[in-house]
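Heads up, query.cif below (mmCIF, C-alpha atoms):
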```cif
data_upload
#
loop_
_atom_site.group_PDB
_atom_site.id
_atom_site.type_symbol
_atom_site.label_atom_id
_atom_site.label_comp_id
_atom_site.auth_asym_id
_atom_site.auth_seq_id
_atom_site.Cartn_x
_atom_site.Cartn_y
_atom_site.Cartn_z
ATOM 1 C CA MET A 1371 7.721 -2.947 -20.291
ATOM 2 C CA LEU A 1372 10.862 -0.843 -19.762
ATOM 3 C CA ILE A 1373 11.444 -2.357 -16.341
ATOM 4 C CA SER A 1374 11.075 -5.866 -17.804
ATOM 5 C CA MET A 1375 13.612 -5.040 -20.505
ATOM 6 C CA ALA A 1376 16.030 -3.594 -17.952
ATOM 7 C CA PHE A 1377 15.630 -6.760 -15.872
ATOM 8 C CA LEU A 1378 16.648 -8.911 -18.838
ATOM 9 C CA GLU A 1379 19.547 -6.721 -19.951
ATOM 10 C CA HIS A 1380 21.292 -5.588 -16.752
ATOM 11 C CA LYS A 1381 22.692 -7.853 -14.042
ATOM 12 C CA THR A 1382 22.593 -5.104 -11.419
ATOM 13 C CA TYR A 1383 18.900 -4.522 -12.110
ATOM 14 C CA GLN A 1384 18.235 -8.287 -11.952
ATOM 15 C CA GLU A 1385 19.860 -8.423 -8.529
ATOM 16 C CA PHE A 1386 17.831 -5.447 -7.316
ATOM 17 C CA VAL A 1387 14.523 -6.847 -8.616
ATOM 18 C CA ASN A 1388 15.268 -10.343 -7.266
ATOM 19 C CA GLY A 1389 15.777 -8.871 -3.797
ATOM 20 C CA SER A 1390 12.690 -6.645 -3.910
ATOM 21 C CA THR A 1391 9.250 -7.249 -2.443
ATOM 22 C CA ASN A 1392 7.689 -4.496 -4.572
ATOM 23 C CA GLU A 1393 4.655 -5.900 -6.412
ATOM 24 C CA LEU A 1394 5.319 -3.969 -9.627
ATOM 25 C CA LEU A 1395 8.899 -5.215 -9.843
ATOM 26 C CA ILE A 1396 7.768 -8.776 -9.145
ATOM 27 C CA PHE A 1397 5.204 -8.462 -11.945
ATOM 28 C CA CYS A 1398 7.810 -7.037 -14.347
ATOM 29 C CA LYS A 1399 10.095 -9.978 -13.563
ATOM 30 C CA LEU A 1400 7.226 -12.377 -14.270
ATOM 31 C CA LEU A 1401 6.520 -10.613 -17.548
ATOM 32 C CA ALA A 1402 10.202 -10.686 -18.523
ATOM 33 C CA THR A 1403 10.727 -14.344 -17.689
ATOM 34 C CA LYS A 1404 7.361 -15.875 -18.620
ATOM 35 C CA GLY A 1405 6.010 -13.516 -21.286
ATOM 36 C CA THR A 1406 2.336 -12.713 -21.678
ATOM 37 C CA SER A 1407 -0.174 -15.355 -20.751
ATOM 38 C CA GLN A 1408 -3.487 -15.725 -19.010
ATOM 39 C CA ALA A 1409 -1.586 -15.852 -15.705
ATOM 40 C CA THR A 1410 0.300 -12.597 -16.356
ATOM 41 C CA TYR A 1411 -2.932 -10.851 -17.340
ATOM 42 C CA ARG A 1412 -4.455 -11.990 -14.037
ATOM 43 C CA GLU A 1413 -1.407 -10.727 -12.140
ATOM 44 C CA ARG A 1414 -1.666 -7.393 -13.970
ATOM 45 C CA LEU A 1415 -5.320 -7.101 -12.928
ATOM 46 C CA LYS A 1416 -4.399 -7.932 -9.336
ATOM 47 C CA LEU A 1417 -1.679 -5.266 -9.389
ATOM 48 C CA LEU A 1418 -3.897 -2.575 -10.940
ATOM 49 C CA SER A 1419 -6.734 -3.339 -8.544
ATOM 50 C CA THR A 1420 -4.505 -2.129 -5.690
ATOM 51 C CA ILE A 1421 -4.594 1.434 -7.056
ATOM 52 C CA PHE A 1422 -7.911 1.624 -8.916
ATOM 53 C CA GLU A 1423 -11.429 1.124 -7.629
ATOM 54 C CA GLU A 1424 -13.543 -1.703 -8.966
ATOM 55 C CA GLU A 1425 -17.110 -0.875 -9.973
ATOM 56 C CA ALA A 1426 -19.849 -3.475 -10.416
ATOM 57 C CA CYS A 1427 -21.880 -3.187 -13.580
ATOM 58 C CA VAL A 1428 -25.422 -4.324 -14.264
ATOM 59 C CA THR A 1429 -24.099 -7.684 -15.420
ATOM 60 C CA SER A 1430 -21.599 -9.825 -13.549
ATOM 61 C CA ILE A 1431 -18.734 -7.913 -15.174
ATOM 62 C CA PHE A 1432 -16.617 -5.591 -13.062
ATOM 63 C CA VAL A 1433 -15.035 -2.436 -14.457
ATOM 64 C CA ILE A 1434 -11.896 -0.705 -13.208
ATOM 65 C CA ASN A 1435 -11.849 3.038 -13.742
ATOM 66 C CA ALA A 1436 -8.266 3.583 -14.871
ATOM 67 C CA LYS A 1437 -8.587 7.213 -15.948
ATOM 68 C CA CYS A 1438 -5.332 8.759 -14.798
ATOM 69 C CA ASN A 1439 -1.825 9.390 -16.024
ATOM 70 C CA LEU A 1440 1.456 7.543 -15.787
ATOM 71 C CA LEU A 1441 2.640 9.724 -12.915
ATOM 72 C CA HIS A 1442 -0.216 8.454 -10.723
ATOM 73 C CA ILE A 1443 0.542 4.807 -11.519
ATOM 74 C CA VAL A 1444 4.294 5.097 -10.966
ATOM 75 C CA THR A 1445 3.863 7.080 -7.751
ATOM 76 C CA LYS A 1446 1.483 4.488 -6.308
ATOM 77 C CA LEU A 1447 3.319 1.352 -7.404
ATOM 78 C CA LEU A 1448 6.885 2.479 -6.723
ATOM 79 C CA SER A 1449 6.302 4.457 -3.520
ATOM 80 C CA ASP A 1450 8.210 1.945 -1.385
ATOM 81 C CA ILE A 1451 11.357 1.984 -3.551
ATOM 82 C CA PRO A 1452 12.194 5.601 -4.377
ATOM 83 C CA SER A 1453 14.931 6.236 -6.896
ATOM 84 C CA ALA A 1454 15.675 9.581 -5.305
ATOM 85 C CA ILE A 1455 15.165 11.262 -1.943
ATOM 86 C CA GLU A 1456 15.051 15.033 -2.024
ATOM 87 C CA LYS A 1457 15.967 16.961 1.113
ATOM 88 C CA MET A 1458 13.516 19.817 1.633
ATOM 89 C CA LYS A 1459 14.327 22.716 3.966
ATOM 90 C CA CYS A 1460 12.077 25.650 4.688
ATOM 91 C CA ASP A 1461 13.363 29.221 4.645
ATOM 92 C CA LYS A 1462 12.753 29.749 8.357
ATOM 93 C CA GLY A 1463 15.337 27.251 9.642
ATOM 94 C CA CYS A 1464 13.013 24.259 9.992
ATOM 95 C CA THR A 1465 14.397 20.754 10.048
ATOM 96 C CA TYR A 1466 14.905 18.883 6.808
ATOM 97 C CA ASN A 1467 12.042 16.856 5.409
ATOM 98 C CA ASP A 1468 12.737 13.905 3.151
ATOM 99 C CA LEU A 1469 10.615 13.699 0.008
ATOM 100 C CA ALA A 1470 10.861 10.247 -1.575
ATOM 101 C CA SER A 1471 10.288 10.126 -5.307
ATOM 102 C CA PRO A 1472 10.076 7.227 -7.762
ATOM 103 C CA PHE A 1473 11.585 9.558 -10.355
ATOM 104 C CA ILE A 1474 15.098 10.813 -10.927
ATOM 105 C CA ILE A 1475 15.445 14.339 -9.593
ATOM 106 C CA ILE A 1476 17.837 16.347 -11.769
ATOM 107 C CA ASN A 1477 19.161 19.823 -11.231
ATOM 108 C CA LEU A 1478 18.773 21.479 -14.641
ATOM 109 C CA SER A 1479 21.935 23.513 -14.347
ATOM 110 C CA ASN A 1480 22.134 23.865 -18.130
ATOM 111 C CA GLY A 1481 18.431 24.474 -18.776
ATOM 112 C CA VAL A 1482 16.085 22.290 -20.774
ATOM 113 C CA ASP A 1483 18.179 22.615 -23.943
ATOM 114 C CA LEU A 1484 20.986 20.546 -22.435
ATOM 115 C CA LEU A 1485 18.796 18.058 -20.540
ATOM 116 C CA GLN A 1486 20.597 15.061 -22.060
ATOM 117 C CA LYS A 1487 23.917 16.350 -20.709
ATOM 118 C CA ASP A 1488 22.448 16.667 -17.195
ATOM 119 C CA ILE A 1489 20.992 13.142 -17.412
ATOM 120 C CA ASN A 1490 24.352 11.747 -18.516
ATOM 121 C CA ASN A 1491 26.093 13.520 -15.620
ATOM 122 C CA TYR A 1492 23.540 12.152 -13.129
#
```
So, in terms of structure tokens, how does the structure I just supplied come out?
Amino acid sequence: MLISMAFLEHKTYQEFVNGSTNELLIFCKLLATKGTSQATYRERLKLLSTIFEEEACVTSIFVINAKCNLLHIVTKLLSDIPSAIEKMKCDKGCTYNDLASPFIIINLSNGVDLLQKDINNY
């Protein structure tokens, strides 16, 4: 929902989403431009079925076990378009390893109490 709202409200985000092949961003664009409908619910099911296993029940109904948290969903669906890349270096002089993350990585220089200030400075 937040991504769909950002798509509608920010030209830069529209340009980014329009140029993306990420399935979640494509779905959010569909949701923003077409609203909810039978077609968007089908697209949502198709998207979720890429990260959750389908289980057949006794009847002809299929169930998707979606027991997880938001972190799991975001990590799976936004893995190809990280918002931040953290450079990791070991203490023994190893080469850098890149750790892509779909989340903003913030150095909490002012502690948790001044988190908003750090976000604004990001």
- [ ] For CA of Ser1390 in chain A and CA of Leu1448 in chain A, determine how far apart the two atoms are, in Å to one decimal place.
- [x] 11.2 Å
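Of the listed residues (A:Thr1403, A:Thr1410, A:Gln1486, A:Ser1471), A:Thr1403 comes nearest to Glu1379 in chain A; the distances count only C-alpha atoms.
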Open item on the list: Which residues, named as in the file, does the PyMOL selection byres ((chain A and resi 1423) around 9) pick out? Answer as an NGL selection string.
Closed with: :A and (1419-1422 or 1424-1425 or 1433-1436)
TODO: Identify which of the residues A:Arg1412, A:Lys1457, A:Lys1399, A:Lys1446 lies closest to Met1371 in chain A, counting all atoms listed in the file when measuring atom-to-atom distances.
DONE: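 Closest candidate: A:Lys1399.
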- [ ] Find the residue from A:Cys1438, A:Leu1395, A:Ile1451, A:Ala1409 that sits nearest to Met1375 in chain A; use all atoms listed in the file when measuring.
- [x]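 When distances to Met1375 in chain A are compared using all atoms listed in the file, the smallest one comes from A:Leu1395.
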Open item on the list: To one decimal place in Å, what is the distance between CA of Leu1485 in chain A and CA of Thr1445 in chain A?
Closed with: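 Computing the Euclidean distance for CA of Leu1485 in chain A and CA of Thr1445 in chain A yields 22.5 Å.
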